[in-house]
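> query-v2.txt is reproduced below (compact mmCIF, C-alpha atoms).
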# COMPACT_ATOMS: atom_id res chain seq x y z
CA MET L 1 109.52 98.70 128.97
CA PRO L 2 112.83 97.61 127.43
CA SER L 3 115.99 99.53 128.20
CA PRO L 4 117.29 101.94 125.52
CA GLN L 5 120.29 99.68 124.97
CA HIS L 6 118.02 96.67 124.41
CA ALA L 7 115.89 98.71 121.97
CA ARG L 8 119.00 99.73 119.98
CA ARG L 9 120.17 96.11 119.93
CA GLN L 10 116.74 94.98 118.68
CA LYS L 11 116.71 97.67 115.97
CA LEU L 12 120.09 96.57 114.62
CA SER L 13 119.13 92.90 114.82
CA THR L 14 115.99 93.56 112.76
CA LYS L 15 117.99 95.43 110.10
CA LEU L 16 120.52 92.59 109.98
CA ALA L 17 117.69 90.07 109.49
CA GLU L 18 116.46 92.09 106.50
CA GLN L 19 119.97 92.17 105.03
CA ILE L 20 120.29 88.40 105.48
CA GLN L 21 117.00 87.86 103.64
CA LEU L 22 118.13 90.25 100.88
CA ALA L 23 121.42 88.34 100.48
CA LYS L 24 119.60 84.98 100.40
CA ALA L 25 117.25 86.30 97.72
CA GLN L 26 120.21 87.55 95.68
CA GLN L 27 121.91 84.18 96.05
CA SER L 28 118.83 82.31 94.80
CA GLY L 29 118.12 84.86 92.06
CA THR L 30 114.78 86.01 93.46
CA GLU L 31 113.44 89.37 94.59
CA PHE L 32 113.09 90.39 98.22
CA SER L 33 111.13 93.51 99.04
CA PRO L 34 110.03 93.95 102.63
CA VAL L 35 106.84 95.88 103.24
CA ARG L 36 105.81 98.39 105.84
CA LEU L 37 102.40 99.69 106.82
CA ARG L 38 101.49 103.22 105.83
CA THR L 39 98.35 105.15 106.65
CA VAL L 40 96.71 106.80 103.66
CA LYS L 41 93.53 108.81 103.38
CA ASP L 42 90.92 107.42 101.01
CA GLU L 43 89.90 110.22 98.64
CA ALA L 44 86.33 108.95 98.16
CA THR L 45 85.36 108.32 101.79
CA GLY L 46 87.85 110.53 103.66
CA MET L 47 88.69 107.63 105.98
CA ASN L 48 92.21 106.63 106.91
CA ARG L 49 93.28 103.10 106.06
CA LYS L 50 96.51 101.17 106.33
CA VAL L 51 98.17 99.84 103.21
CA GLU L 52 101.34 97.85 102.69
CA VAL L 53 104.02 99.63 100.70
CA PRO L 54 107.42 98.21 99.71
CA LYS L 55 110.43 99.43 101.68
CA LYS L 56 113.50 100.69 99.91
CA LEU L 57 116.32 98.44 101.00
CA LYS L 58 119.93 98.97 99.95
CA PRO L 59 122.41 96.12 100.39
CA TRP L 60 125.18 96.66 102.92
CA TRP L 61 127.72 94.92 100.68
CA TRP L 62 129.47 95.85 97.45
CA THR L 63 132.19 94.50 95.17
CA ASP L 64 135.64 96.10 95.51
CA ASP L 65 138.34 96.53 92.85
CA LYS L 66 139.75 93.03 93.48
CA GLY L 67 136.36 91.33 93.00
CA LYS L 68 135.86 90.67 96.71
CA LEU L 69 132.58 91.42 98.44
CA CYS L 70 132.86 93.98 101.28
CA ILE L 71 130.24 94.30 104.01
CA THR L 72 129.60 97.30 106.21
CA VAL L 73 127.17 97.25 109.10
CA ARG L 74 125.08 100.38 109.37
CA TYR L 75 123.30 101.78 112.38
CA GLY L 76 121.04 104.45 110.96
CA ALA L 77 123.15 106.58 108.66
CA ARG L 78 126.41 105.69 110.43
CA THR L 79 128.82 102.83 109.78
CA LEU L 80 129.42 100.59 112.76
CA GLU L 81 132.98 99.41 113.43
CA ILE L 82 132.90 95.66 113.99
CA VAL L 83 136.57 95.55 114.97
CA GLU L 84 138.46 98.57 116.29
CA GLY L 85 139.56 100.69 113.33
CA LYS L 86 137.88 98.44 110.75
CA ASN L 87 134.54 99.33 109.20
CA ALA L 88 134.23 96.62 106.52
CA ILE L 89 134.46 92.85 106.26
CA GLU L 90 135.90 91.29 103.11
CA THR L 91 134.39 88.03 101.81
CA ASP L 92 134.69 85.89 98.69
CA SER L 93 131.06 85.06 97.85
CA ILE L 94 127.45 85.90 98.62
CA ALA L 95 127.29 82.75 100.77
CA ASP L 96 130.09 84.22 102.92
CA VAL L 97 128.13 87.48 103.14
CA ILE L 98 125.15 85.56 104.53
CA THR L 99 127.34 83.70 107.02
CA SER L 100 129.06 86.92 108.14
CA LEU L 101 125.76 88.73 108.61
CA GLN L 102 124.40 85.81 110.65
CA VAL L 103 127.49 85.83 112.89
CA ILE L 104 127.16 89.59 113.38
CA ARG L 105 123.47 89.23 114.20
CA THR L 106 124.28 86.59 116.83
CA ALA L 107 126.88 88.94 118.34
CA VAL L 108 124.37 91.81 118.39
CA ASP L 109 121.69 89.65 120.03
CA SER L 110 124.12 88.54 122.74
CA GLY L 111 125.17 92.14 123.45
CA GLU L 112 128.75 91.88 122.24
CA LEU L 113 128.45 95.01 120.07
CA ASP L 114 126.70 97.23 122.63
CA LYS L 115 129.83 99.35 123.14
CA ARG L 116 130.15 99.90 119.38
CA ILE L 117 126.49 100.90 119.11
CA ASP L 118 126.90 103.28 122.06
CA ALA L 119 129.97 104.81 120.37
CA VAL L 120 127.92 105.51 117.23
CA MET L 121 125.12 106.96 119.35
CA GLY L 122 127.71 109.20 121.06
CA GLN L 123 128.76 110.52 117.64
CA VAL L 124 125.15 111.26 116.77
CA LYS L 125 124.50 113.03 120.07
CA ALA L 126 127.72 115.04 119.72
CA GLY L 127 126.57 116.13 116.26
CA PHE L 128 123.30 117.40 117.72
CA ALA L 129 125.12 119.25 120.50
CA LYS L 130 127.43 120.89 117.96
CA ASP L 131 124.44 121.88 115.77
CA SER L 132 122.58 123.46 118.68
CA ALA L 133 125.67 125.47 119.66
CA ALA L 134 126.09 126.63 116.07
CA SER L 135 122.46 127.72 115.90
CA SER L 136 123.13 130.62 118.25
CA ARG L 137 124.25 132.85 115.41
CA PRO L 138 126.21 136.01 116.00
CA THR L 139 124.15 139.09 115.39
CA LEU L 140 125.21 142.30 113.79
CA LYS L 141 125.04 145.26 116.16
CA LEU L 142 124.03 148.44 114.41
CA PRO L 143 125.23 151.75 115.80
CA ALA L 144 122.61 153.70 117.68
CA LYS L 145 121.03 156.63 115.84
CA SER L 146 121.90 160.01 117.27
Here is a file; write its structure as structure tokens.

Amino acid sequence: MPSPQHARRQKLSTKLAEQIQLAKAQQSGTEFSPVRLRTVKDEATGMNRKVEVPKKLKPWWWTDDKGKLCITVRYGARTLEIVEGKNAIETDSIADVITSLQVIRTAVDSGELDKRIDAVMGQVKAGFAKDSAASSRPTLKLPAKS
């Protein structure tokens, strides 16, 4: 069984691979839509079967006001800081986006970003701890009837 840190590294590496394929498809002018397996119940027979459905995939890059492409790396719903205090990488072209994503993926695979991933996971866990503390709502005490 892989360690939790290795599993998180693998998850991010897989997402980066999808982003690289999406960027390559955009560069060549083609469509890229990854698929995932989903279990659906057949109405006629009542049996479950697996079907491939397209995944919704949003690019991690956008064009800023100056016309540069900016890349953010996401771990779940959170943005991962690649360099301390910096959450985006600025590039000139889609080819640079592909190169940057490949470099980041190599760094993730070698474990160089484990501390950054752990920091994001710490934020997520802290959010859950705060939510559970907030769920113990104050109650209104009514005066006793005499």
> What is the atom CA of L:Asp118 to atom CA of L:Pro34 distance in Å?
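Interatomic distance, atom CA of L:Asp118 to atom CA of L:Pro34: 27.4 Å.
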> Counting only C-alpha atoms, figure out which residue out of L:Ala77, L:Ala44, L:Ile20, L:Cys70 gets nearest to L:Asp92.
L:Cys70
> Between L:Pro2, L:Lys56, L:Arg78, L:Gln21, which is the closest to L:Gly122 once you count all atoms listed in the file?
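Going through L:Pro2, L:Lys56, L:Arg78, L:Gln21 one by one, the smallest distance to L:Gly122 is for L:Arg78.
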> Of the residues L:Thr106, L:Gln5, L:Gln123, L:Thr91, which is the one nearest to L:Trp62, using all atoms listed in the file?
L:Thr91
> Mind giving me the straight-line distance from atom CA of L:Leu113 to atom CA of L:Gly67 in Å, one decimal?
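If I compute the distance from atom CA of L:Leu113 to atom CA of L:Gly67, I get 28.4 Å.
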> Write out as number ranges by chain the residues lying within 8 Å of L:Arg116, counting only C-alpha atoms and excluding same-chain residues fewer than 4 positions away.
L: 80-82, 120
> Could you check which of L:Lys11, L:Val103, L:Val108, L:Leu57 is closest to L:Glu31, using only C-alpha atoms?
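That would be L:Leu57, the residue with the smallest distance to L:Glu31.
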> Between atom CA of L:Glu52 and atom CA of L:Thr39, what distance in Å does the model show, to one decimal?
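Answer for the atom CA of L:Glu52 to atom CA of L:Thr39 separation: 8.8 Å.
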> Counting only C-alpha atoms, figure out which residue out of L:Tyr75, L:Phe32, L:Phe128, L:Trp61 gets nearest to L:Lys15.
L:Tyr75
> Looking at all atoms listed in the file, which of L:Thr45, L:Thr30, L:Thr72, L:Gln102 is the one that sits closest to L:Thr14?
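Comparing L:Thr45, L:Thr30, L:Thr72, L:Gln102 against L:Thr14, the winner is L:Gln102.
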